[in-house]
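Notes follow the structure.
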Amino acid sequence: MRKSKMEQLELGMSKLQVVNILGSSYSIAQKEANATDTIEVISYRNVPFDEEFYLFRFKNNKLEKWHREFQPIYKEIKP
């Protein structure tokens, strides 16, 4: 994820605004709705670093928070 793109993000942005900055190659990680709120979490891989990804949480279509996670890398141990 390019630093220049991440610096353009602000809490409260709509999902469309975020996608316009980061691109449409995301995955939907979570979607739920209750009586008052709709929650959606989308995920972007940090290509070429496939073990690193970002999660963006939208509440009622407004960016509420985001964070970066790392997927563990397991190496095969040969006897």
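Please note that chains go A, B, ... in the order of the structure tokens, that every chain numbers its residues from 1, and that ligands are numbered from 1 in the order shown.
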
message = With DSSP run on the backbone, what are the strand (DSSP E or B) residues within chain A? I'd like them as a PyMOL selection string.
response = chain A and resi 14+27-33+38-46+49-59+62-70

Residue contacts of A:Arg68 (12 Å, only C-alpha atoms) excluding same-chain residues fewer than 6 positions away, as a list in words: Met1, Met6, Ile42, Ser43, Tyr44, Arg45, Asn46, Glu51, Glu52, Phe53, Tyr54, Leu55, Phe56 and Arg57 of chain A

### Query
Residues at most 8 Å from A:Leu11, counting only C-alpha atoms, excluding those fewer than 2 positions away in the same chain, as a PyMOL selection string?
chain A and resi 9+13+62-65

Export of prior selection with all heavy atoms as an mmCIF file, in the first residue's frame:
data_model
loop_
_atom_site.group_PDB
_atom_site.id
_atom_site.type_symbol
_atom_site.label_atom_id
_atom_site.label_comp_id
_atom_site.auth_asym_id
_atom_site.auth_seq_id
_atom_site.Cartn_x
_atom_site.Cartn_y
_atom_site.Cartn_z
ATOM 1 N N LEU A 9 -6.381 9.125 3.167
ATOM 2 C CA LEU A 9 -7.556 8.599 3.857
ATOM 3 C C LEU A 9 -7.855 9.389 5.124
ATOM 4 O O LEU A 9 -6.949 9.819 5.827
ATOM 5 C CB LEU A 9 -7.353 7.129 4.216
ATOM 6 C CG LEU A 9 -7.110 6.187 3.050
ATOM 7 C CD1 LEU A 9 -6.891 4.778 3.561
ATOM 8 C CD2 LEU A 9 -8.259 6.230 2.061
ATOM 9 N N MET A 13 -14.810 9.142 5.768
ATOM 10 C CA MET A 13 -14.982 9.041 4.314
ATOM 11 C C MET A 13 -15.968 7.930 3.987
ATOM 12 O O MET A 13 -16.110 6.965 4.734
ATOM 13 C CB MET A 13 -13.649 8.703 3.635
ATOM 14 C CG MET A 13 -12.678 9.818 3.551
ATOM 15 S SD MET A 13 -11.195 9.252 2.657
ATOM 16 C CE MET A 13 -10.680 10.795 1.950
ATOM 17 N N LYS A 62 -19.572 4.944 6.427
ATOM 18 C CA LYS A 62 -18.544 5.907 6.815
ATOM 19 C C LYS A 62 -17.359 5.153 7.400
ATOM 20 O O LYS A 62 -17.525 4.272 8.244
ATOM 21 C CB LYS A 62 -19.065 6.907 7.861
ATOM 22 C CG LYS A 62 -20.226 7.749 7.367
ATOM 23 C CD LYS A 62 -19.775 8.706 6.302
ATOM 24 C CE LYS A 62 -20.940 9.542 5.799
ATOM 25 N NZ LYS A 62 -20.602 10.301 4.616
ATOM 26 N N LEU A 63 -16.143 5.508 6.952
ATOM 27 C CA LEU A 63 -14.941 4.856 7.443
ATOM 28 C C LEU A 63 -14.780 5.145 8.934
ATOM 29 O O LEU A 63 -14.629 6.285 9.349
ATOM 30 C CB LEU A 63 -13.714 5.339 6.665
ATOM 31 C CG LEU A 63 -12.375 4.713 7.042
ATOM 32 C CD1 LEU A 63 -12.406 3.191 6.846
ATOM 33 C CD2 LEU A 63 -11.257 5.342 6.226
ATOM 34 N N GLU A 64 -14.842 4.082 9.714
ATOM 35 C CA GLU A 64 -14.768 4.200 11.170
ATOM 36 C C GLU A 64 -13.354 3.952 11.690
ATOM 37 O O GLU A 64 -12.890 4.622 12.607
ATOM 38 C CB GLU A 64 -15.742 3.206 11.798
ATOM 39 C CG GLU A 64 -15.836 3.299 13.294
ATOM 40 C CD GLU A 64 -16.851 2.323 13.837
ATOM 41 O OE1 GLU A 64 -16.713 1.103 13.598
ATOM 42 O OE2 GLU A 64 -17.791 2.780 14.509
ATOM 43 N N LYS A 65 -12.657 2.972 11.082
ATOM 44 C CA LYS A 65 -11.273 2.689 11.473
ATOM 45 C C LYS A 65 -10.628 1.793 10.444
ATOM 46 O O LYS A 65 -11.306 1.185 9.611
ATOM 47 C CB LYS A 65 -11.211 2.032 12.849
ATOM 48 C CG LYS A 65 -11.826 0.651 12.935
ATOM 49 C CD LYS A 65 -11.689 0.097 14.346
ATOM 50 C CE LYS A 65 -12.327 -1.269 14.444
ATOM 51 N NZ LYS A 65 -12.144 -1.850 15.769
#

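In this comparison, which uses only C-alpha atoms, the residue of A:Gln8, A:Gln17, A:Asn60, A:Ser24 approaching A:Glu40 most closely is A:Asn60.
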
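Nearest residue to A:Lys15 among A:Ala35, A:His67, A:Lys75, A:Ile28 is A:Ile28, counting only C-alpha atoms.
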
Practice prompt. Name all residues at most 12 Å from A:Glu7 (count only C-alpha atoms; drop same-chain ones fewer than 5 positions away) and give them as a VMD selection string.
Written response: chain A and resid 1 to 2 18 21 to 22

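Closest approach to A:Asn61 among A:Asp37, A:Asn20, A:Lys5, A:Glu76: A:Asp37, based on only C-alpha atoms.
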